[in-house]
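K.L.:
File structure-v5.cif below, mmCIF, C-alpha atoms:
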data_target
loop_
_atom_site.label_atom_id
_atom_site.label_comp_id
_atom_site.auth_asym_id
_atom_site.auth_seq_id
_atom_site.Cartn_x
_atom_site.Cartn_y
_atom_site.Cartn_z
CA MET O 1 27.91 11.00 -21.99
CA ALA O 2 25.10 8.45 -22.30
CA VAL O 3 25.65 4.85 -21.36
CA THR O 4 25.78 3.08 -24.73
CA ASP O 5 25.03 -0.43 -23.53
CA LEU O 6 21.48 -0.99 -22.30
CA LEU O 7 22.46 -4.02 -20.22
CA GLU O 8 25.07 -1.90 -18.44
CA LEU O 9 22.43 0.76 -17.79
CA TYR O 10 20.01 -1.83 -16.44
CA ARG O 11 22.58 -3.33 -14.10
CA ASP O 12 23.54 0.12 -12.82
CA LEU O 13 19.92 1.01 -12.06
CA HIS O 14 19.30 -2.35 -10.42
CA ALA O 15 22.33 -1.95 -8.17
CA HIS O 16 21.29 1.55 -7.05
CA PRO O 17 17.59 1.43 -6.10
CA GLU O 18 15.92 4.42 -4.50
CA LEU O 19 12.68 4.45 -2.54
CA ALA O 20 9.61 6.53 -3.40
CA GLY O 21 10.34 10.20 -2.92
CA ALA O 22 14.11 9.68 -2.96
CA GLU O 23 14.68 8.83 -6.64
CA LYS O 24 17.14 11.67 -7.33
CA ARG O 25 19.95 9.57 -8.79
CA THR O 26 17.56 7.51 -10.89
CA ALA O 27 15.89 10.65 -12.24
CA ASP O 28 19.29 12.15 -13.04
CA VAL O 29 20.29 9.02 -14.97
CA LEU O 30 17.10 9.16 -17.04
CA ALA O 31 17.55 12.88 -17.69
CA ARG O 32 21.16 12.34 -18.73
CA GLU O 33 20.31 9.57 -21.18
CA LEU O 34 17.47 11.52 -22.80
CA THR O 35 19.46 14.75 -23.00
CA ALA O 36 22.21 12.90 -24.87
CA LEU O 37 19.61 11.76 -27.40
CA GLY O 38 18.46 15.32 -28.11
CA PHE O 39 15.38 15.38 -25.91
CA THR O 40 14.42 18.59 -24.17
CA VAL O 41 14.30 17.61 -20.49
CA ARG O 42 12.49 19.11 -17.53
CA SER O 43 13.17 17.71 -14.06
CA GLY O 44 11.53 18.10 -10.66
CA ILE O 45 7.97 17.56 -11.88
CA GLY O 46 5.86 16.23 -9.01
CA GLY O 47 8.93 15.59 -6.87
CA ASN O 48 11.67 13.75 -8.72
CA GLY O 49 9.63 13.35 -11.90
CA VAL O 50 11.15 13.82 -15.35
CA VAL O 51 9.33 15.02 -18.46
CA ALA O 52 11.23 14.98 -21.75
CA ALA O 53 10.22 15.58 -25.37
CA PHE O 54 11.71 14.95 -28.80
CA GLU O 55 10.16 17.05 -31.55
CA ASN O 56 10.08 15.61 -35.06
CA GLY O 57 7.69 17.68 -37.13
CA ALA O 58 3.94 18.03 -37.19
CA GLY O 59 2.02 14.98 -35.98
CA PRO O 60 0.59 13.23 -32.93
CA THR O 61 2.18 13.25 -29.49
CA VAL O 62 2.81 9.89 -27.83
CA ALA O 63 3.97 9.60 -24.21
CA MET O 64 5.81 6.62 -22.70
CA ARG O 65 5.70 6.27 -18.89
CA THR O 66 8.35 4.62 -16.75
CA GLU O 67 8.51 4.45 -12.96
CA LEU O 68 11.60 5.47 -10.99
CA ASP O 69 11.16 4.03 -7.49
CA ALA O 70 12.09 0.78 -5.79
CA LEU O 71 10.66 -1.19 -2.85
CA PRO O 72 11.82 -1.45 0.80
CA LEU O 73 13.13 -5.01 0.47
CA ALA O 74 16.54 -6.59 1.03
CA GLU O 75 17.48 -8.38 -2.19
CA ARG O 76 18.39 -12.07 -2.13
CA THR O 77 18.64 -12.88 -5.85
CA GLY O 78 22.38 -13.56 -5.66
CA LEU O 79 22.91 -11.58 -8.85
CA PRO O 80 26.38 -10.05 -9.32
CA TYR O 81 24.70 -6.66 -9.69
CA ALA O 82 22.28 -7.13 -6.77
CA ALA O 83 21.45 -4.15 -4.58
CA ASP O 84 23.24 -4.08 -1.25
CA GLY O 85 20.93 -2.60 1.33
CA SER O 86 17.31 -2.32 2.35
CA ALA O 87 15.90 -1.24 -1.03
CA MET O 88 15.43 -3.32 -4.17
CA HIS O 89 13.93 -3.08 -7.64
CA ALA O 90 11.54 -5.94 -6.94
CA CYS O 91 8.87 -4.84 -9.42
CA GLY O 92 10.88 -4.27 -12.59
CA HIS O 93 10.99 -0.48 -12.62
CA ASP O 94 14.69 -0.60 -13.50
CA LEU O 95 13.83 -2.73 -16.52
CA HIS O 96 10.96 -0.39 -17.46
CA LEU O 97 13.26 2.63 -17.39
CA THR O 98 15.95 0.91 -19.43
CA ALA O 99 13.38 -0.22 -22.01
CA VAL O 100 12.07 3.36 -22.34
CA VAL O 101 15.63 4.60 -22.94
CA GLY O 102 16.11 1.87 -25.54
CA ALA O 103 12.85 2.82 -27.24
CA ALA O 104 13.81 6.50 -27.22
CA ARG O 105 17.13 5.67 -28.87
CA GLU O 106 15.46 3.61 -31.58
CA LEU O 107 12.83 6.26 -32.28
CA VAL O 108 15.48 8.97 -32.58
CA ALA O 109 17.59 6.76 -34.84
CA THR O 110 14.60 6.14 -37.14
CA ARG O 111 13.15 9.65 -37.04
CA ALA O 112 13.15 9.87 -40.86
CA GLU O 113 10.32 7.32 -40.80
CA TRP O 114 7.82 9.13 -38.54
CA ARG O 115 6.51 12.54 -37.60
CA GLY O 116 5.24 13.94 -34.32
CA ARG O 117 6.44 14.28 -30.75
CA VAL O 118 7.74 11.60 -28.40
CA VAL O 119 7.42 12.35 -24.69
CA VAL O 120 8.96 10.34 -21.86
CA LEU O 121 7.43 10.55 -18.39
CA GLY O 122 9.71 9.41 -15.57
CA GLN O 123 7.26 8.96 -12.70
CA PRO O 124 8.34 8.96 -9.06
CA ALA O 125 6.55 7.28 -6.15
CA GLU O 126 4.51 4.72 -8.05
CA GLU O 127 4.87 2.15 -5.29
CA THR O 128 3.18 4.50 -2.84
CA LEU O 129 0.51 5.48 -5.41
CA GLU O 130 1.43 9.15 -4.99
CA GLY O 131 3.67 10.04 -7.92
CA ALA O 132 1.18 10.29 -10.78
CA LEU O 133 -1.13 12.62 -8.84
CA ALA O 134 1.86 14.74 -7.84
CA MET O 135 2.94 15.08 -11.46
CA VAL O 136 -0.61 16.00 -12.53
CA ALA O 137 -0.79 18.60 -9.75
CA ASP O 138 2.52 20.00 -11.04
CA GLY O 139 1.11 20.42 -14.55
CA VAL O 140 2.78 17.46 -16.23
CA HIS O 141 0.74 17.90 -19.41
CA ASP O 142 1.42 21.63 -19.56
CA VAL O 143 5.17 21.15 -20.00
CA PHE O 144 5.09 20.00 -23.64
CA GLY O 145 1.35 19.71 -24.27
CA ALA O 146 -1.10 16.90 -23.68
CA PRO O 147 -0.31 13.64 -25.46
CA ASP O 148 -2.67 11.91 -27.87
CA ALA O 149 -1.86 8.55 -26.26
CA LEU O 150 -0.20 7.31 -23.07
CA LEU O 151 1.77 4.04 -23.16
CA ALA O 152 3.16 1.90 -20.36
CA GLN O 153 4.16 -1.71 -19.81
CA HIS O 154 4.82 -3.77 -16.71
CA ALA O 155 7.11 -6.70 -16.04
CA VAL O 156 5.33 -9.88 -14.93
CA PRO O 157 6.43 -13.48 -14.41
CA GLY O 158 5.97 -15.46 -17.59
CA PRO O 159 7.55 -16.35 -20.93
CA VAL O 160 10.26 -13.84 -21.76
CA GLY O 161 9.06 -11.22 -24.22
CA ARG O 162 5.41 -12.23 -24.32
CA VAL O 163 3.10 -9.21 -24.18
CA GLY O 164 -0.44 -9.35 -22.83
CA HIS O 165 -3.21 -6.91 -23.69
CA SER O 166 -6.57 -6.08 -22.15
CA PRO O 167 -9.03 -3.89 -24.08
CA GLY O 168 -10.58 -2.50 -20.89
CA GLN O 169 -9.72 -2.60 -17.19
CA ILE O 170 -6.33 -4.19 -16.53
CA THR O 171 -5.44 -3.20 -12.93
CA ALA O 172 -7.66 -2.93 -9.89
CA PRO O 173 -8.99 0.04 -7.93
CA CYS O 174 -7.33 -0.06 -4.54
CA ALA O 175 -6.97 1.60 -1.16
CA GLU O 176 -4.29 1.42 1.51
CA LEU O 177 -5.46 1.70 5.11
CA ALA O 178 -3.68 2.57 8.34
CA ILE O 179 -5.58 0.91 11.18
CA THR O 180 -4.80 1.60 14.84
CA VAL O 181 -6.42 -0.50 17.56
CA HIS O 182 -6.13 0.62 21.16
CA GLY O 183 -5.80 -1.26 24.43
CA ARG O 184 -4.69 -0.54 27.96
CA GLY O 185 -1.05 -1.31 28.58
CA GLY O 186 0.26 -3.24 31.54
CA HIS O 187 2.55 -5.92 32.91
CA ALA O 188 2.70 -9.25 31.12
CA ALA O 189 2.23 -11.01 34.49
CA VAL O 190 -1.19 -9.44 35.10
CA PRO O 191 -3.00 -9.42 31.73
CA HIS O 192 -6.38 -9.26 33.50
CA LEU O 193 -5.56 -5.70 34.55
CA ALA O 194 -4.88 -4.65 30.96
CA VAL O 195 -6.64 -4.75 27.60
CA ASP O 196 -4.29 -6.48 25.21
CA PRO O 197 -4.40 -4.87 21.73
CA VAL O 198 -2.10 -7.58 20.35
CA VAL O 199 -4.76 -10.24 20.90
CA LEU O 200 -7.31 -7.85 19.43
CA ALA O 201 -5.12 -7.30 16.38
CA ALA O 202 -4.54 -11.04 15.98
CA HIS O 203 -8.29 -11.66 15.88
CA LEU O 204 -8.67 -8.77 13.47
CA VAL O 205 -6.07 -10.08 11.02
CA VAL O 206 -7.94 -13.38 10.77
CA ARG O 207 -11.42 -11.87 10.86
CA LEU O 208 -10.70 -9.48 7.98
CA GLN O 209 -10.30 -12.45 5.66
CA SER O 210 -13.99 -13.18 6.13
CA VAL O 211 -14.69 -9.96 4.23
CA VAL O 212 -13.33 -11.80 1.21
CA ALA O 213 -14.52 -15.30 2.05
CA ARG O 214 -18.05 -14.52 3.19
CA GLU O 215 -19.00 -10.98 2.17
CA THR O 216 -17.70 -10.77 -1.39
CA ASN O 217 -19.40 -11.99 -4.53
CA PRO O 218 -16.98 -14.49 -6.11
CA ALA O 219 -17.80 -12.94 -9.48
CA ASP O 220 -16.67 -9.51 -8.21
CA PRO O 221 -13.50 -10.43 -6.31
CA VAL O 222 -11.70 -8.56 -3.54
CA VAL O 223 -8.23 -9.02 -2.03
CA VAL O 224 -7.50 -7.92 1.55
CA THR O 225 -3.89 -8.13 2.69
CA VAL O 226 -2.50 -7.17 6.10
CA GLY O 227 1.02 -6.27 5.07
CA SER O 228 2.38 -4.80 8.30
CA VAL O 229 1.75 -5.16 12.02
CA HIS O 230 3.60 -3.04 14.59
CA ALA O 231 3.16 -3.65 18.32
CA GLY O 232 5.23 -3.11 21.43
CA ASP O 233 8.93 -3.16 22.18
CA ALA O 234 9.33 -5.67 25.01
CA ALA O 235 8.09 -9.21 25.66
CA ASN O 236 7.03 -8.43 29.24
CA VAL O 237 5.02 -5.29 28.42
CA ILE O 238 1.48 -5.27 27.06
CA PRO O 239 1.42 -2.27 24.71
CA ASP O 240 -1.22 0.43 24.44
CA ARG O 241 -1.78 0.09 20.71
CA VAL O 242 -1.15 -1.92 17.57
CA GLU O 243 -0.81 -0.42 14.10
CA LEU O 244 -1.71 -2.38 10.97
CA GLY O 245 -1.14 -1.59 7.32
CA VAL O 246 -3.87 -3.05 5.11
CA SER O 247 -4.10 -3.18 1.32
CA VAL O 248 -7.50 -3.63 -0.34
CA ARG O 249 -7.98 -4.28 -4.06
CA ALA O 250 -11.15 -5.10 -5.95
CA ALA O 251 -12.47 -5.89 -9.38
CA SER O 252 -14.82 -2.90 -9.31
CA ASP O 253 -15.36 0.39 -7.51
CA GLY O 254 -18.53 -0.97 -5.93
CA ALA O 255 -16.78 -4.06 -4.56
CA LEU O 256 -14.01 -1.87 -3.14
CA ALA O 257 -16.50 0.45 -1.41
CA ARG O 258 -18.35 -2.50 0.14
CA ALA O 259 -15.10 -4.07 1.34
CA LEU O 260 -13.92 -0.83 2.94
CA ALA O 261 -17.22 -0.43 4.78
CA ALA O 262 -17.03 -4.03 5.98
CA ILE O 263 -13.45 -3.60 7.18
CA GLU O 264 -14.37 -0.58 9.28
CA ARG O 265 -17.37 -2.42 10.74
CA VAL O 266 -15.23 -5.45 11.63
CA CYS O 267 -12.57 -3.26 13.26
CA ARG O 268 -15.11 -1.54 15.48
CA ALA O 269 -16.85 -4.79 16.38
CA GLU O 270 -13.61 -6.57 17.31
CA ALA O 271 -12.53 -3.59 19.41
CA ALA O 272 -15.87 -3.64 21.25
CA ALA O 273 -15.62 -7.40 21.78
CA SER O 274 -12.16 -6.96 23.33
CA GLY O 275 -13.25 -4.15 25.63
CA ALA O 276 -10.98 -1.61 23.97
CA PRO O 277 -11.11 1.72 25.83
CA VAL O 278 -10.88 3.75 22.61
CA GLU O 279 -12.51 3.29 19.20
CA PRO O 280 -10.13 2.07 16.47
CA GLU O 281 -8.86 4.50 13.87
CA VAL O 282 -9.30 3.44 10.25
CA VAL O 283 -7.65 5.89 7.86
CA THR O 284 -7.37 5.64 4.08
CA VAL O 285 -3.75 6.63 3.48
CA ARG O 286 -3.88 6.51 -0.31
CA SER O 287 -5.91 5.10 -3.14
CA ALA O 288 -5.81 4.71 -6.91
CA PRO O 289 -8.38 4.06 -9.59
CA ALA O 290 -8.42 1.10 -11.92
CA THR O 291 -6.22 1.39 -14.99
CA THR O 292 -8.69 1.21 -17.85
CA ASN O 293 -7.32 0.92 -21.35
CA ASP O 294 -8.80 2.61 -24.40
CA ARG O 295 -10.15 -0.19 -26.59
CA GLN O 296 -9.35 1.45 -29.93
CA LEU O 297 -5.79 2.27 -28.89
CA VAL O 298 -5.25 -1.24 -27.49
CA LEU O 299 -6.38 -2.83 -30.74
CA ALA O 300 -4.05 -0.59 -32.75
CA VAL O 301 -1.08 -1.33 -30.50
CA ARG O 302 -1.87 -5.04 -30.41
CA ALA O 303 -1.96 -5.13 -34.20
CA ALA O 304 1.48 -3.48 -34.27
CA HIS O 305 2.78 -6.01 -31.75
CA LEU O 306 1.38 -8.92 -33.73
CA SER O 307 3.06 -7.62 -36.87
CA GLY O 308 6.39 -6.81 -35.24
CA LEU O 309 6.73 -9.48 -32.55
CA GLY O 310 4.76 -12.39 -33.99
CA ALA O 311 1.57 -14.15 -32.92
CA ASP O 312 3.47 -16.42 -30.51
CA ARG O 313 4.61 -13.37 -28.53
CA VAL O 314 1.26 -11.58 -28.24
CA GLY O 315 -1.75 -12.61 -26.16
CA TRP O 316 -4.64 -11.36 -24.07
CA THR O 317 -4.45 -10.92 -20.31
CA PRO O 318 -7.32 -10.75 -17.82
CA PRO O 319 -7.59 -7.89 -15.31
CA VAL O 320 -5.31 -8.39 -12.31
CA ALA O 321 -5.57 -7.37 -8.66
CA ALA O 322 -2.34 -5.38 -8.85
CA ALA O 323 -2.68 -1.65 -8.24
CA GLU O 324 -1.35 1.24 -10.33
CA ASP O 325 -1.63 5.02 -10.32
CA PHE O 326 -1.01 5.26 -14.09
CA GLY O 327 -4.67 6.09 -14.61
CA HIS O 328 -4.22 9.45 -12.87
CA LEU O 329 -1.94 10.57 -15.72
CA ALA O 330 -4.88 10.35 -18.11
CA ALA O 331 -6.56 13.37 -16.47
CA LEU O 332 -6.40 16.66 -18.37
CA PRO O 333 -6.95 20.14 -16.86
CA ASP O 334 -10.06 20.69 -19.01
CA GLY O 335 -11.70 17.55 -17.65
CA GLY O 336 -10.85 15.41 -20.65
CA THR O 337 -8.80 12.23 -20.63
CA VAL O 338 -5.91 10.82 -22.63
CA PRO O 339 -6.35 7.31 -24.10
CA LEU O 340 -4.26 4.72 -22.25
CA CYS O 341 -2.60 1.53 -23.40
CA TYR O 342 -0.96 -0.52 -20.63
CA TRP O 343 0.24 -4.05 -21.30
CA THR O 344 2.19 -6.76 -19.51
CA LEU O 345 5.66 -7.99 -20.49
CA GLY O 346 6.87 -11.45 -19.56
CA VAL O 347 10.31 -11.41 -17.93
CA GLY O 348 10.88 -15.04 -16.90
CA THR O 349 10.00 -16.97 -13.78
CA ARG O 350 12.69 -16.07 -11.21
CA GLY O 351 10.53 -14.90 -8.34
CA THR O 352 7.34 -12.87 -8.39
CA ASN O 353 6.82 -9.12 -8.26
CA HIS O 354 7.45 -7.63 -4.78
CA SER O 355 9.53 -10.66 -3.80
CA PRO O 356 13.19 -10.37 -2.69
CA ASP O 357 13.89 -13.15 -5.23
CA PHE O 358 12.45 -11.27 -8.23
CA ALA O 359 14.97 -11.22 -11.07
CA PRO O 360 13.85 -10.44 -14.63
CA GLU O 361 15.77 -12.12 -17.41
CA PRO O 362 17.94 -9.43 -19.06
CA ALA O 363 16.82 -10.74 -22.46
CA ALA O 364 13.47 -9.09 -21.77
CA LEU O 365 15.12 -5.69 -22.22
CA THR O 366 15.18 -6.02 -25.99
CA ASP O 367 11.58 -7.23 -26.07
CA GLY O 368 10.59 -4.33 -23.81
CA TRP O 369 12.05 -1.53 -25.92
CA ARG O 370 10.83 -3.15 -29.14
CA ALA O 371 7.28 -3.38 -27.76
CA LEU O 372 7.39 0.32 -26.85
CA VAL O 373 8.73 1.34 -30.26
CA LEU O 374 6.04 -0.64 -32.08
CA ALA O 375 3.35 0.87 -29.86
CA ALA O 376 4.64 4.42 -30.33
CA ARG O 377 4.87 3.98 -34.11
CA ALA O 378 1.24 2.85 -34.10
CA VAL O 379 0.34 6.34 -32.85
CA LEU O 380 2.89 8.56 -34.62
CA ALA O 381 2.36 9.75 -38.18
CA VAL O 382 4.17 7.94 -40.97
CA ALA O 383 6.69 10.23 -42.69
CA GLU O 384 5.89 11.07 -46.29
CA GLU O 385 8.27 9.74 -48.91
#
Show the structure stored in the file as structure tokens.

P.N.:
Amino acid sequence: MAVTDLLELYRDLHAHPELAGAEKRTADVLARELTALGFTVRSGIGGNGVVAAFENGAGPTVAMRTELDALPLAERTGLPYAADGSAMHACGHDLHLTAVVGAARELVATRAEWRGRVVVLGQPAEETLEGALAMVADGVHDVFGAPDALLAQHAVPGPVGRVGHSPGQITAPCAELAITVHGRGGHAAVPHLAVDPVVLAAHLVVRLQSVVARETNPADPVVVTVGSVHAGDAANVIPDRVELGVSVRAASDGALARALAAIERVCRAEAAASGAPVEPEVVTVRSAPATTNDRQLVLAVRAAHLSGLGADRVGWTPPVAAAEDFGHLAALPDGGTVPLCYWTLGVGTRGTNHSPDFAPEPAALTDGWRALVLAARAVLAVAEE
């Protein structure tokens, strides 16, 4: 039996977050809801991915993507339905999924007004930038056929229900690095007999910011963030190594390539300056291309949003430094691509994405599913009288 109240569904998903690669319950909930609506559902695509289709006569195929995974954060929103543990929906994926279910319900209820096929893609592992590629490798577009358009939206801080469009690039190309710097361990009382990789790493964390401040064209921006540092287990032991997790995002592929080359150069130079006995290891763990919207599709969807939501709810948004793997889903086996339309959805101002305080206003649910319905109807064929 499907959950009939979208707010109840949203609260349930929010209270039961699952990390990338472990989204079994979330995928099962999505499959259950879509099956109850009459969708044909296939599970286990690219891991825990879900692909579902609703056939409604001859016409275009439109696909709506939602993510399934949460982030490794302990929630501190104080909400009565807050997650209790070390995982949290701190990027709105629970809201995205609920909005897709709401849109699917509305499209099924109004099927006399349109013709074509509606596909829902429940994507795992978006936060690790692995899920879209895994679904493509598993033949996601072979399950029900390639769509004519791919739609997605993302929750952002801002006025509730306001959508923002970009006719070209909207998210940044990015890379995630695992950097290991080596030293020579020893006793804290005799640091001169050791090579301290913690001091080396501390210099490196600061020095990497110069890649942005002094090696990047301000008109072609780059963001370098050291998000994790792991070193040692005891205060009186100098460790042998320090591991850093680094995220790099850029406005263009060229800027990203230059930043990555500079980061490797800085790592090797700092290691040499510290007398490290072993060269540092700089490994690209994962990467994703920019999400680049199809201009014609964006203009069609924006026109539908203007008509259905009102001019005060629809605006333009500049490209952001956030990363996405949505662009991978555009790839077709024959080398072609599917047009994309990805827009932002304002969900209030309680915290920012990836913060333990992030809490979308539930009122944004209605705006979210309405925006998806309007976008889908802009692609689907109008039923003949």

K.L.:
Evaluate the PyMOL selection byres ((chain O and resi 156-166) around 10) against this structure - the residues, as a VMD selection string, please.

P.N.:
chain O and resid 91 to 92 153 to 155 167 to 171 292 to 295 298 to 299 301 to 302 305 to 306 309 to 319 341 to 353 358 to 368 370 to 371

K.L.:
Write the residues of the preceding selection, restricted to C-alpha atoms, as a short mmCIF file (atom, residue, chain, number, x, y, z; two decimals), in the coordinates of the input.

P.N.:
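Listing of result_25.cif after writing:
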data_model
loop_
_atom_site.label_atom_id
_atom_site.label_comp_id
_atom_site.auth_asym_id
_atom_site.auth_seq_id
_atom_site.Cartn_x
_atom_site.Cartn_y
_atom_site.Cartn_z
CA CYS O 91 8.87 -4.84 -9.42
CA GLY O 92 10.88 -4.27 -12.59
CA GLN O 153 4.16 -1.71 -19.81
CA HIS O 154 4.82 -3.77 -16.71
CA ALA O 155 7.11 -6.70 -16.04
CA PRO O 167 -9.03 -3.89 -24.08
CA GLY O 168 -10.58 -2.50 -20.89
CA GLN O 169 -9.72 -2.60 -17.19
CA ILE O 170 -6.33 -4.19 -16.53
CA THR O 171 -5.44 -3.20 -12.93
CA THR O 292 -8.69 1.21 -17.85
CA ASN O 293 -7.32 0.92 -21.35
CA ASP O 294 -8.80 2.61 -24.40
CA ARG O 295 -10.15 -0.19 -26.59
CA VAL O 298 -5.25 -1.24 -27.49
CA LEU O 299 -6.38 -2.83 -30.74
CA VAL O 301 -1.08 -1.33 -30.50
CA ARG O 302 -1.87 -5.04 -30.41
CA HIS O 305 2.78 -6.01 -31.75
CA LEU O 306 1.38 -8.92 -33.73
CA LEU O 309 6.73 -9.48 -32.55
CA GLY O 310 4.76 -12.39 -33.99
CA ALA O 311 1.57 -14.15 -32.92
CA ASP O 312 3.47 -16.42 -30.51
CA ARG O 313 4.61 -13.37 -28.53
CA VAL O 314 1.26 -11.58 -28.24
CA GLY O 315 -1.75 -12.61 -26.16
CA TRP O 316 -4.64 -11.36 -24.07
CA THR O 317 -4.45 -10.92 -20.31
CA PRO O 318 -7.32 -10.75 -17.82
CA PRO O 319 -7.59 -7.89 -15.31
CA CYS O 341 -2.60 1.53 -23.40
CA TYR O 342 -0.96 -0.52 -20.63
CA TRP O 343 0.24 -4.05 -21.30
CA THR O 344 2.19 -6.76 -19.51
CA LEU O 345 5.66 -7.99 -20.49
CA GLY O 346 6.87 -11.45 -19.56
CA VAL O 347 10.31 -11.41 -17.93
CA GLY O 348 10.88 -15.04 -16.90
CA THR O 349 10.00 -16.97 -13.78
CA ARG O 350 12.69 -16.07 -11.21
CA GLY O 351 10.53 -14.90 -8.34
CA THR O 352 7.34 -12.87 -8.39
CA ASN O 353 6.82 -9.12 -8.26
CA PHE O 358 12.45 -11.27 -8.23
CA ALA O 359 14.97 -11.22 -11.07
CA PRO O 360 13.85 -10.44 -14.63
CA GLU O 361 15.77 -12.12 -17.41
CA PRO O 362 17.94 -9.43 -19.06
CA ALA O 363 16.82 -10.74 -22.46
CA ALA O 364 13.47 -9.09 -21.77
CA LEU O 365 15.12 -5.69 -22.22
CA THR O 366 15.18 -6.02 -25.99
CA ASP O 367 11.58 -7.23 -26.07
CA GLY O 368 10.59 -4.33 -23.81
CA ARG O 370 10.83 -3.15 -29.14
CA ALA O 371 7.28 -3.38 -27.76
#

K.L.:
Edge lengths and centre in Å to one decimal, as lines of an AutoDock Vina configuration file, is what I'm after for the box along x, y and z that holds all listed atoms of region 224-240 of chain O once 5 Å is added on each side.

P.N.:
center_x = 0.9
center_y = -4.4
center_z = 15.4
size_x = 26.8
size_y = 19.6
size_z = 37.7

K.L.:
Within 10 Å of region 67-78 of chain O, counting only C-alpha atoms, which residues show up once you throw out same-chain ones fewer than 2 positions away? Write them as a PyMOL selection string, please.

P.N.:
chain O and resi 13-14+16-27+30+48-50+65+80-97+121-128+131-132+152+154+326+350-351+354-359

K.L.:
Counting all atoms listed in the file, note down every residue that has an atom within 12 Å of the point (14.8, 10.2, -39.1) (file coordinates), as JSON, numbers by chain.

P.N.:
{"O": [54, 55, 56, 57, 105, 106, 107, 108, 109, 110, 111, 112, 113, 114, 115, 116, 382, 383, 384, 385]}

K.L.:
Store the residues of this selection in a file with C-alpha atoms, as a compact mmCIF listing (two decimals), in the coordinates of the input.

P.N.:
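The resulting file, again.txt, is reproduced below:
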# COMPACT_ATOMS: atom_id res chain seq x y z
CA PHE O 54 11.71 14.95 -28.80
CA GLU O 55 10.16 17.05 -31.55
CA ASN O 56 10.08 15.61 -35.06
CA GLY O 57 7.69 17.68 -37.13
CA ARG O 105 17.13 5.67 -28.87
CA GLU O 106 15.46 3.61 -31.58
CA LEU O 107 12.83 6.26 -32.28
CA VAL O 108 15.48 8.97 -32.58
CA ALA O 109 17.59 6.76 -34.84
CA THR O 110 14.60 6.14 -37.14
CA ARG O 111 13.15 9.65 -37.04
CA ALA O 112 13.15 9.87 -40.86
CA GLU O 113 10.32 7.32 -40.80
CA TRP O 114 7.82 9.13 -38.54
CA ARG O 115 6.51 12.54 -37.60
CA GLY O 116 5.24 13.94 -34.32
CA VAL O 382 4.17 7.94 -40.97
CA ALA O 383 6.69 10.23 -42.69
CA GLU O 384 5.89 11.07 -46.29
CA GLU O 385 8.27 9.74 -48.91

K.L.:
Of the candidates O:His203, O:Arg117, O:Arg214, O:Arg241, which shows the shortest atom-to-atom distance to Thr40 (chain O), using only C-alpha atoms?

P.N.:
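Going through O:His203, O:Arg117, O:Arg214, O:Arg241 one by one, the smallest distance to Thr40 (chain O) is for O:Arg117.
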
K.L.:
Between CA of Ser287 (chain O) and CA of Leu129 (chain O), what is the distance, to one decimal in Å?

P.N.:
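A separation of 6.8 Å between them.
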
K.L.:
Mind giving me the straight-line distance from CA of His328 (chain O) to CA of Gly47 (chain O) in Å, one decimal?

P.N.:
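According to the coordinates, CA of His328 (chain O) and CA of Gly47 (chain O) are separated by 15.7 Å.
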
K.L.:
Using only C-alpha atoms, can you tell me which of O:Val198, O:Arg32, O:Gly245, O:Ala272 comes closest to Arg286 (chain O)?

P.N.:
O:Gly245

K.L.:
Between CA of Ala36 (chain O) and CA of Val120 (chain O), what distance in Å does the model show, to one decimal?

P.N.:
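Atom-to-atom, CA of Ala36 (chain O) and CA of Val120 (chain O) are spaced 13.8 Å apart.
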